[in-house]
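Heads up, target.cif below (mmCIF, C-alpha atoms):
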data_my_file
loop_
_atom_site.label_atom_id
_atom_site.label_comp_id
_atom_site.auth_asym_id
_atom_site.auth_seq_id
_atom_site.Cartn_x
_atom_site.Cartn_y
_atom_site.Cartn_z
CA MET O 586 -1.12 21.88 -11.68
CA ILE O 587 -1.18 18.70 -9.60
CA LYS O 588 -4.57 16.98 -9.74
CA LEU O 589 -3.84 13.53 -8.27
CA ILE O 590 -1.62 12.67 -5.26
CA ALA O 591 -0.91 9.05 -4.26
CA SER O 592 0.93 8.11 -1.08
CA ASP O 593 2.05 4.83 0.38
CA ILE O 594 1.18 4.48 4.06
CA ASP O 595 3.53 2.30 6.13
CA GLY O 596 7.00 3.78 6.37
CA THR O 597 6.04 6.70 4.13
CA LEU O 598 3.15 8.48 5.79
CA ILE O 599 3.13 6.83 9.23
CA PRO O 600 5.13 4.12 11.08
CA ASP O 601 4.61 0.51 9.99
CA SER O 602 1.53 -1.31 11.30
CA THR O 603 0.02 1.75 12.97
CA PRO O 604 -3.56 3.00 12.53
CA ASN O 605 -3.49 6.78 12.95
CA LEU O 606 -2.69 9.79 10.76
CA TYR O 607 -1.31 13.01 12.22
CA PRO O 608 -3.64 16.04 12.25
CA GLU O 609 -1.76 18.11 9.69
CA ILE O 610 -2.15 15.59 6.86
CA VAL O 611 -5.84 15.13 7.68
CA GLU O 612 -6.46 18.85 7.32
CA GLU O 613 -4.34 18.96 4.16
CA ILE O 614 -6.42 16.21 2.55
CA LYS O 615 -9.60 18.13 3.40
CA SER O 616 -8.11 21.23 1.78
CA LEU O 617 -7.11 19.27 -1.32
CA ALA O 618 -10.61 17.88 -1.67
CA GLU O 619 -12.12 21.36 -1.45
CA ARG O 620 -9.86 22.43 -4.34
CA GLY O 621 -10.64 19.38 -6.46
CA VAL O 622 -7.28 17.61 -5.96
CA ILE O 623 -7.72 13.87 -5.54
CA PHE O 624 -5.75 12.11 -2.79
CA CYS O 625 -5.17 8.36 -2.96
CA GLY O 626 -3.99 6.03 -0.20
CA ALA O 627 -1.82 3.40 -1.94
CA SER O 628 -0.85 0.40 0.14
CA GLY O 629 -0.36 -3.32 0.38
CA ARG O 630 -2.96 -3.21 3.14
CA GLN O 631 -6.53 -4.36 2.60
CA LEU O 632 -9.18 -1.77 1.77
CA CYS O 633 -10.79 -1.82 5.24
CA SER O 634 -7.44 -1.13 6.90
CA ILE O 635 -6.66 1.82 4.63
CA GLN O 636 -10.13 3.24 5.16
CA ASN O 637 -9.56 3.08 8.91
CA VAL O 638 -6.29 5.00 8.59
CA PHE O 639 -8.08 7.71 6.61
CA ARG O 640 -11.31 7.43 8.62
CA GLU O 641 -11.62 11.20 9.11
CA VAL O 642 -11.51 11.77 5.35
CA SER O 643 -12.51 8.33 4.06
CA ASP O 644 -15.23 9.69 1.77
CA LYS O 645 -12.91 12.29 0.23
CA ILE O 646 -10.17 10.02 -1.16
CA CYS O 647 -9.65 7.01 -3.41
CA TYR O 648 -7.83 3.79 -2.61
CA ILE O 649 -5.19 1.55 -4.10
CA ALA O 650 -5.36 -1.52 -1.83
CA GLU O 651 -3.56 -4.87 -1.91
CA ASN O 652 -0.72 -3.24 -3.91
CA GLY O 653 -3.16 -2.47 -6.71
CA ALA O 654 -5.27 -5.63 -6.82
CA HIS O 655 -8.17 -3.62 -5.37
CA ILE O 656 -8.95 -0.07 -6.54
CA HIS O 657 -11.86 1.69 -4.86
CA TYR O 658 -13.54 5.09 -4.95
CA LYS O 659 -16.78 6.51 -3.50
CA GLY O 660 -18.15 3.14 -2.44
CA GLU O 661 -17.45 1.41 -5.75
CA ASP O 662 -14.75 -1.01 -6.88
CA ILE O 663 -13.03 0.42 -9.94
CA SER O 664 -10.91 -2.69 -10.40
CA LEU O 665 -10.41 -6.13 -8.80
CA THR O 666 -7.59 -8.42 -9.98
CA SER O 667 -7.57 -11.97 -8.66
CA MET O 668 -4.66 -14.40 -8.51
CA ASP O 669 -4.41 -17.55 -10.57
CA ARG O 670 -5.89 -20.16 -8.23
CA GLU O 671 -3.24 -22.78 -8.98
CA TYR O 672 -0.39 -20.41 -8.18
CA ALA O 673 -2.12 -19.22 -5.01
CA GLU O 674 -2.56 -22.79 -3.80
CA GLN O 675 1.09 -23.65 -4.48
CA ILE O 676 2.29 -20.55 -2.61
CA ILE O 677 0.04 -21.26 0.38
CA HIS O 678 1.32 -24.85 0.62
CA GLN O 679 4.88 -23.51 0.60
CA LEU O 680 4.18 -20.89 3.26
CA ARG O 681 2.59 -23.49 5.54
CA GLY O 682 5.93 -25.28 5.56
CA LEU O 683 8.04 -22.29 6.65
CA GLY O 684 7.49 -22.91 10.37
CA ASN O 685 5.76 -21.32 13.32
CA GLU O 686 7.74 -18.08 13.09
CA TYR O 687 5.95 -17.22 9.84
CA GLU O 688 2.32 -16.19 9.44
CA PHE O 689 0.37 -15.79 6.22
CA VAL O 690 -2.75 -13.92 5.21
CA VAL O 691 -5.05 -14.55 2.25
CA SER O 692 -6.81 -11.41 1.02
CA THR O 693 -10.24 -11.44 -0.62
CA PRO O 694 -12.46 -8.54 -1.75
CA HIS O 695 -14.37 -8.81 1.53
CA GLY O 696 -11.54 -9.21 4.04
CA SER O 697 -8.78 -11.62 4.97
CA LEU O 698 -8.65 -15.32 5.77
CA LEU O 699 -6.31 -16.57 8.50
CA GLU O 700 -5.41 -20.07 9.66
CA THR O 701 -3.27 -18.90 12.57
CA LYS O 702 -4.21 -19.07 16.24
CA ASN O 703 -1.27 -16.89 17.30
CA ARG O 704 -2.82 -14.27 19.59
CA THR O 705 0.00 -11.75 19.15
CA PHE O 706 -0.38 -11.82 15.38
CA LEU O 707 -4.17 -11.72 15.59
CA ASP O 708 -3.99 -8.69 17.88
CA MET O 709 -1.67 -6.92 15.42
CA MET O 710 -4.11 -7.61 12.60
CA LYS O 711 -7.04 -6.39 14.68
CA TYR O 712 -5.64 -3.45 16.62
CA GLY O 713 -2.62 -2.46 14.52
CA TYR O 714 -3.91 -2.83 10.97
CA HIS O 715 -7.63 -2.87 11.84
CA ASN O 716 -8.15 -5.61 9.30
CA THR O 717 -11.40 -7.40 8.71
CA PHE O 718 -10.67 -11.14 8.87
CA ARG O 719 -12.05 -14.61 9.53
CA GLN O 720 -10.15 -17.46 11.18
CA VAL O 721 -10.61 -20.70 9.28
CA GLU O 722 -9.10 -24.17 9.50
CA ASP O 723 -8.17 -24.25 5.81
CA VAL O 724 -8.05 -21.13 3.66
CA LEU O 725 -8.10 -23.27 0.51
CA ALA O 726 -11.41 -24.85 1.51
CA GLN O 727 -13.07 -21.45 1.22
CA GLU O 728 -14.79 -20.46 -2.01
CA ALA O 729 -13.26 -17.01 -2.20
CA VAL O 730 -11.61 -14.86 -4.84
CA ILE O 731 -7.96 -14.49 -3.83
CA LEU O 732 -6.52 -11.02 -4.45
CA LYS O 733 -3.26 -11.46 -2.56
CA VAL O 734 -1.30 -13.86 -0.38
CA ALA O 735 1.09 -12.28 2.13
CA VAL O 736 3.65 -13.84 4.47
CA TYR O 737 4.85 -12.15 7.65
CA HIS O 738 7.94 -12.56 9.83
CA ARG O 739 8.46 -10.34 12.83
CA GLY O 740 11.58 -8.16 12.57
CA SER O 741 12.45 -8.79 8.93
CA ILE O 742 11.59 -11.12 6.07
CA ARG O 743 13.72 -9.31 3.50
CA GLN O 744 16.41 -11.96 3.15
CA LEU O 745 13.93 -14.78 2.56
CA GLY O 746 11.97 -12.58 0.20
CA GLU O 747 14.87 -11.33 -1.90
CA GLU O 748 16.92 -14.53 -1.93
CA VAL O 749 14.22 -17.22 -2.13
CA LEU O 750 10.62 -16.13 -2.70
CA ILE O 751 11.09 -13.43 -5.32
CA PRO O 752 13.53 -15.48 -7.46
CA GLN O 753 11.23 -18.51 -7.22
CA TRP O 754 7.93 -16.79 -7.96
CA GLY O 755 8.83 -13.51 -9.63
CA GLU O 756 8.27 -14.75 -13.18
CA LYS O 757 4.88 -16.30 -12.36
CA VAL O 758 3.23 -13.77 -10.06
CA GLN O 759 3.99 -10.27 -8.83
CA THR O 760 6.14 -10.81 -5.74
CA CYS O 761 7.54 -7.98 -3.63
CA VAL O 762 8.84 -7.06 -0.20
CA ALA O 763 6.15 -4.81 1.27
CA GLY O 764 7.56 -3.31 4.43
CA GLU O 765 10.41 -4.98 6.26
CA GLU O 766 8.22 -7.77 7.66
CA TRP O 767 6.01 -8.75 4.69
CA VAL O 768 6.33 -10.40 1.29
CA ASP O 769 3.27 -10.09 -0.96
CA PHE O 770 2.13 -12.25 -3.88
CA MET O 771 -0.42 -10.98 -6.43
CA ASP O 772 -1.34 -11.54 -10.07
CA ALA O 773 1.54 -10.72 -12.39
CA SER O 774 -0.27 -7.62 -13.67
CA VAL O 775 -0.72 -6.08 -10.22
CA ASP O 776 1.47 -3.13 -9.32
CA LYS O 777 0.82 0.18 -7.56
CA GLY O 778 2.08 1.97 -10.64
CA ASN O 779 -0.35 0.14 -12.93
CA ALA O 780 -3.14 0.96 -10.47
CA LEU O 781 -2.16 4.63 -10.50
CA ARG O 782 -2.32 4.62 -14.31
CA ILE O 783 -5.84 3.15 -14.11
CA LEU O 784 -6.81 6.05 -11.83
CA GLN O 785 -5.16 8.55 -14.17
CA ASP O 786 -7.33 7.23 -17.00
CA TYR O 787 -10.41 7.11 -14.77
CA PHE O 788 -10.06 10.74 -13.66
CA GLY O 789 -8.58 12.08 -16.90
CA VAL O 790 -5.33 13.08 -15.21
CA SER O 791 -1.92 13.00 -16.89
CA ARG O 792 1.35 11.69 -15.50
CA GLU O 793 2.61 15.27 -15.30
CA GLU O 794 -0.39 16.17 -13.13
CA THR O 795 0.35 13.34 -10.67
CA MET O 796 2.44 13.33 -7.48
CA ALA O 797 3.43 10.18 -5.56
CA PHE O 798 5.28 9.24 -2.36
CA GLY O 799 6.86 5.93 -1.31
CA ASP O 800 9.55 4.15 0.67
CA ASN O 801 9.73 0.46 -0.21
CA THR O 802 10.32 -1.63 -3.32
CA ASN O 803 6.58 -2.12 -3.86
CA ASP O 804 6.41 1.66 -4.39
CA ILE O 805 8.78 1.75 -7.36
CA GLY O 806 5.83 1.50 -9.73
CA LEU O 807 4.32 4.60 -8.12
CA MET O 808 7.56 6.48 -8.67
CA LYS O 809 7.53 5.62 -12.37
CA ALA O 810 3.85 6.45 -12.91
CA ALA O 811 3.98 9.95 -11.39
CA GLY O 812 5.58 12.99 -12.97
CA PHE O 813 6.47 14.30 -9.51
CA SER O 814 7.69 11.32 -7.49
CA TYR O 815 9.14 11.56 -3.99
CA ALA O 816 11.01 8.91 -2.02
CA VAL O 817 11.02 9.66 1.71
CA GLU O 818 14.45 9.98 3.30
CA ASN O 819 14.12 6.58 5.01
CA ALA O 820 13.29 4.86 1.68
CA ARG O 821 15.14 1.90 0.21
CA PRO O 822 17.98 2.88 -2.16
CA GLU O 823 16.13 1.38 -5.13
CA VAL O 824 13.15 3.63 -4.45
CA LYS O 825 15.32 6.73 -4.16
CA GLU O 826 16.89 5.84 -7.49
CA ALA O 827 13.47 5.49 -9.13
CA ALA O 828 12.11 8.72 -7.63
CA ARG O 829 12.60 12.19 -9.08
CA PHE O 830 12.93 13.84 -5.65
CA ILE O 831 13.75 13.01 -2.01
CA CYS O 832 11.64 14.40 0.83
CA PRO O 833 11.84 14.20 4.65
CA SER O 834 10.81 10.96 6.36
CA TYR O 835 7.51 10.25 8.08
CA LEU O 836 9.21 11.21 11.36
CA GLU O 837 9.40 14.76 9.98
CA LYS O 838 5.96 14.60 8.31
CA GLY O 839 7.63 14.82 4.92
CA VAL O 840 4.58 13.97 2.79
CA TRP O 841 2.53 16.73 4.40
CA LYS O 842 5.38 19.23 4.10
CA ILE O 843 5.81 18.64 0.37
CA ILE O 844 2.09 18.74 -0.36
CA SER O 845 1.53 21.90 1.66
CA GLU O 846 4.59 23.65 0.22
CA LYS O 847 4.16 22.65 -3.42
CA CYS O 848 0.40 22.21 -3.77
CA GLY O 849 -1.04 24.36 -1.00
CA PRO O 850 -3.32 27.31 -1.84
CA SER O 851 -0.90 29.77 -0.26
CA GLY O 852 2.10 28.83 -2.38
CA SER O 853 3.01 31.52 -4.89
CA GLU O 854 3.08 30.80 -8.60
CA ASP O 855 6.79 31.58 -8.67
CA GLU O 856 7.46 29.00 -5.96
CA LYS O 857 5.47 26.38 -7.83
CA ARG O 858 7.23 27.17 -11.11
CA SER O 859 10.63 26.87 -9.41
CA ALA O 860 9.60 23.44 -8.11
CA GLY O 861 8.61 22.41 -11.61
CA ILE O 862 4.88 22.31 -10.83
#

Kindly transcribe the structure held in the file into structure tokens.
Amino acid sequence: MIKLIASDIDGTLIPDSTPNLYPEIVEEIKSLAERGVIFCGASGRQLCSIQNVFREVSDKICYIAENGAHIHYKGEDISLTSMDREYAEQIIHQLRGLGNEYEFVVSTPHGSLLETKNRTFLDMMKYGYHNTFRQVEDVLAQEAVILKVAVYHRGSIRQLGEEVLIPQWGEKVQTCVAGEEWVDFMDASVDKGNALRILQDYFGVSREETMAFGDNTNDIGLMKAAGFSYAVENARPEVKEAARFICPSYLEKGVWKIISEKCGPSGSEDEKRSAGI
């Protein structure tokens, strides 16, 4: 029996940078909660942004935010993992030198810090992600715990991430492409899969009782930590390779279809046994 379900958001559950769930998954999460199945939103987004996405069921689920640097449930932080300050400062100095086409965000437990004055980017953060943030002149002058540093480039940042940033920083901090337009930097121990294992221990749930969904390389850890792992059809090849199963894309509401078919109350025991659940 599945007791814990974790799903990435952008590119897995809904389109990138958008704030709204579709009605079917909202009702499915309500049904899961009534039956004691825990749903977890697992994302590189900040906690406030994820809570906004799941606003209709925000008190019924748990959260893996900032790729696992922030784990939250029922109003309490289960885990916070900060970055080494020296590494964070070096990365921020480097990102400042990339040019005006690049924006960066510094995540703290209480929201984000931004140096930019780019209105288009600020509007995306406010109305697309629904982030909580403060504009400051110098993020490093703030006395704040840094959970994550993220750099954004409209369209795609994958080449810079995979050819420059990940090779340069990958042995010092956790560095990953998170969506086509973001590269994230966290403490070396931070990973969605490690966060899911923390939740498994917290709730007393085994790997075999866990289901997970993802699409991008920062979801590979989720695929490895769950006994029933699904890469959506639009996922990166590396994620499909790491996953046990493939399911329809977010355009076809694949996460909802799998949950309702395999974990729904109406599914017969024979159907669940044939699916390996």

So which residues get picked by the PyMOL selection byres ((chain O and resi 700) around 10) here, written as a PyMOL selection string? chain O and resi 681+688-691+698-699+701-703+719-724

Write a file of the just-selected residues containing C-alpha atoms, as a compact mmCIF listing (two decimals), keeping the file's coordinate frame.
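And here's out-v2.txt as it stands now:
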# COMPACT_ATOMS: atom_id res chain seq x y z
CA ARG O 681 2.59 -23.49 5.54
CA GLU O 688 2.32 -16.19 9.44
CA PHE O 689 0.37 -15.79 6.22
CA VAL O 690 -2.75 -13.92 5.21
CA VAL O 691 -5.05 -14.55 2.25
CA LEU O 698 -8.65 -15.32 5.77
CA LEU O 699 -6.31 -16.57 8.50
CA THR O 701 -3.27 -18.90 12.57
CA LYS O 702 -4.21 -19.07 16.24
CA ASN O 703 -1.27 -16.89 17.30
CA ARG O 719 -12.05 -14.61 9.53
CA GLN O 720 -10.15 -17.46 11.18
CA VAL O 721 -10.61 -20.70 9.28
CA GLU O 722 -9.10 -24.17 9.50
CA ASP O 723 -8.17 -24.25 5.81
CA VAL O 724 -8.05 -21.13 3.66

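Nearest-residue note for Met771 in chain O: choosing from O:Asn685, O:Ser845, O:Asn652, O:Thr802, the minimum distance belongs to O:Asn652, counting only C-alpha atoms.
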
Selection: 9 Å around Ser791 in chain O, only C-alpha atoms, excl. self and same-chain fewer than 2 positions, as a PyMOL selection string: chain O and resi 588-589+782+785-786+789+793-795+811-812

List the residues matched by the PyMOL selection byres ((chain O and resi 841) around 12) in the displayed structure as number ranges by chain, ordered by chain and then by residue number. O: 590, 592, 597-599, 606-614, 616-617, 624, 797-798, 815, 817, 832-840, 842-849

As a ChimeraX atom specification, please: the residues near range 728-745 of chain O (cut-off 8 Å, only C-alpha atoms, same-chain neighbours under 5 positions excluded). /O:651,654-655,665-668,670,673,676-677,680,686-694,750,762,765-772

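Between Glu671 in chain O and the residues O:Leu725, O:Asn779, O:Leu683, O:Asp601, the shortest atom-to-atom distance, using only C-alpha atoms, involves O:Leu725.
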
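Considering all atoms listed in the file, the residue among O:Met796, O:Val758, O:Thr717, O:Cys647 positioned nearest to Asp669 in chain O is O:Val758.
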
Which value, in Å to one decimal, gives the distance between CA of Ser814 in chain O and CA of Arg829 in chain O? 5.2 Å

Skipping near chain neighbours, those fewer than 6 positions away, what residues fall within 9 Å of Lys645 in chain O using all atoms listed in the file, listed as a PyMOL selection string? chain O and resi 614-615+618+623-624+658-659

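Atom pair CA of Gly713 in chain O / CA of Ala763 in chain O: separated by 16.1 Å.
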
Quick one: axis-aligned box around all listed atoms of range 616-622 of chain O, 5 Å on every side, centre and edge lengths in Å to one decimal, written as lines of an AutoDock Vina configuration file.
center_x = -9.6
center_y = 20.0
center_z = -2.3
size_x = 15.0
size_y = 14.8
size_z = 18.2

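Closest to Gln675 in chain O among O:Gln753, O:Asn716, O:Gln727, O:Asn637 is O:Gln753, based on all atoms listed in the file.
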
Matched chain/residue IDs from the PyMOL selection byres ((chain O and resi 626) around 6), as a list in words: Ala591, Ser592, Cys625, Ala627 and Tyr648 of chain O

Mind writing the picked residues with C-alpha atoms as a PDB file, in the coordinates of the input?
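File out39.pdb, as written:
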ATOM      1  CA  ALA O 591      -0.910   9.050  -4.260  1.00  0.00           C
ATOM      2  CA  SER O 592       0.930   8.110  -1.080  1.00  0.00           C
ATOM      3  CA  CYS O 625      -5.170   8.360  -2.960  1.00  0.00           C
ATOM      4  CA  ALA O 627      -1.820   3.400  -1.940  1.00  0.00           C
ATOM      5  CA  TYR O 648      -7.830   3.790  -2.610  1.00  0.00           C
TER       6      TYR O 648
END

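Straight-line separation from CA of Phe788 in chain O to CA of Ile831 in chain O: 26.6 Å.
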
With a distance cut-off of 7 Å and all atoms listed in the file, select the neighbouring residues of Gly778 in chain O, excluding the residue or stretch itself and same-chain residues fewer than 5 positions from it, and output the selection as a VMD selection string. chain O and resid 806 to 807 809 to 810

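Ranking O:Pro604, O:Gly621, O:Gly596, O:Gly653 by their shortest atom-to-atom distance to Leu784 in chain O, with only C-alpha atoms included, puts O:Gly653 first.
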
Compile the contact shell of Ala827 in chain O as an NGL selection string: residues with an atom at most 7 Å away, counting all atoms listed in the file, same-chain residues fewer than 4 positions apart removed. :O and (805 or 808-809 or 823)

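With only C-alpha atoms as the atoms that count, the residue of O:Pro600, O:Pro752, O:Gly764, O:Pro850 with the shortest distance to Gly629 in chain O is O:Gly764.
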
Write a file for range 662-675 of chain O, containing C-alpha atoms (output as a JSON list (two decimals), in the first residue's frame).
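Okay, this is what ended up in result_33.json:
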[["chain", "number", "residue", "atom", "x", "y", "z"],
["O", 662, "ASP", "CA", 10.15, 23.06, 9.88],
["O", 663, "ILE", "CA", 11.29, 19.45, 9.97],
["O", 664, "SER", "CA", 14.69, 20.32, 8.52],
["O", 665, "LEU", "CA", 16.66, 23.39, 7.37],
["O", 666, "THR", "CA", 20.06, 22.98, 5.68],
["O", 667, "SER", "CA", 22.09, 26.13, 5.09],
["O", 668, "MET", "CA", 24.92, 26.66, 2.61],
["O", 669, "ASP", "CA", 28.52, 27.20, 3.59],
["O", 670, "ARG", "CA", 28.75, 31.00, 3.71],
["O", 671, "GLU", "CA", 32.12, 31.15, 1.95],
["O", 672, "TYR", "CA", 30.90, 29.08, -0.98],
["O", 673, "ALA", "CA", 27.68, 31.10, -1.21],
["O", 674, "GLU", "CA", 29.62, 34.35, -1.35],
["O", 675, "GLN", "CA", 31.95, 33.05, -4.07]]
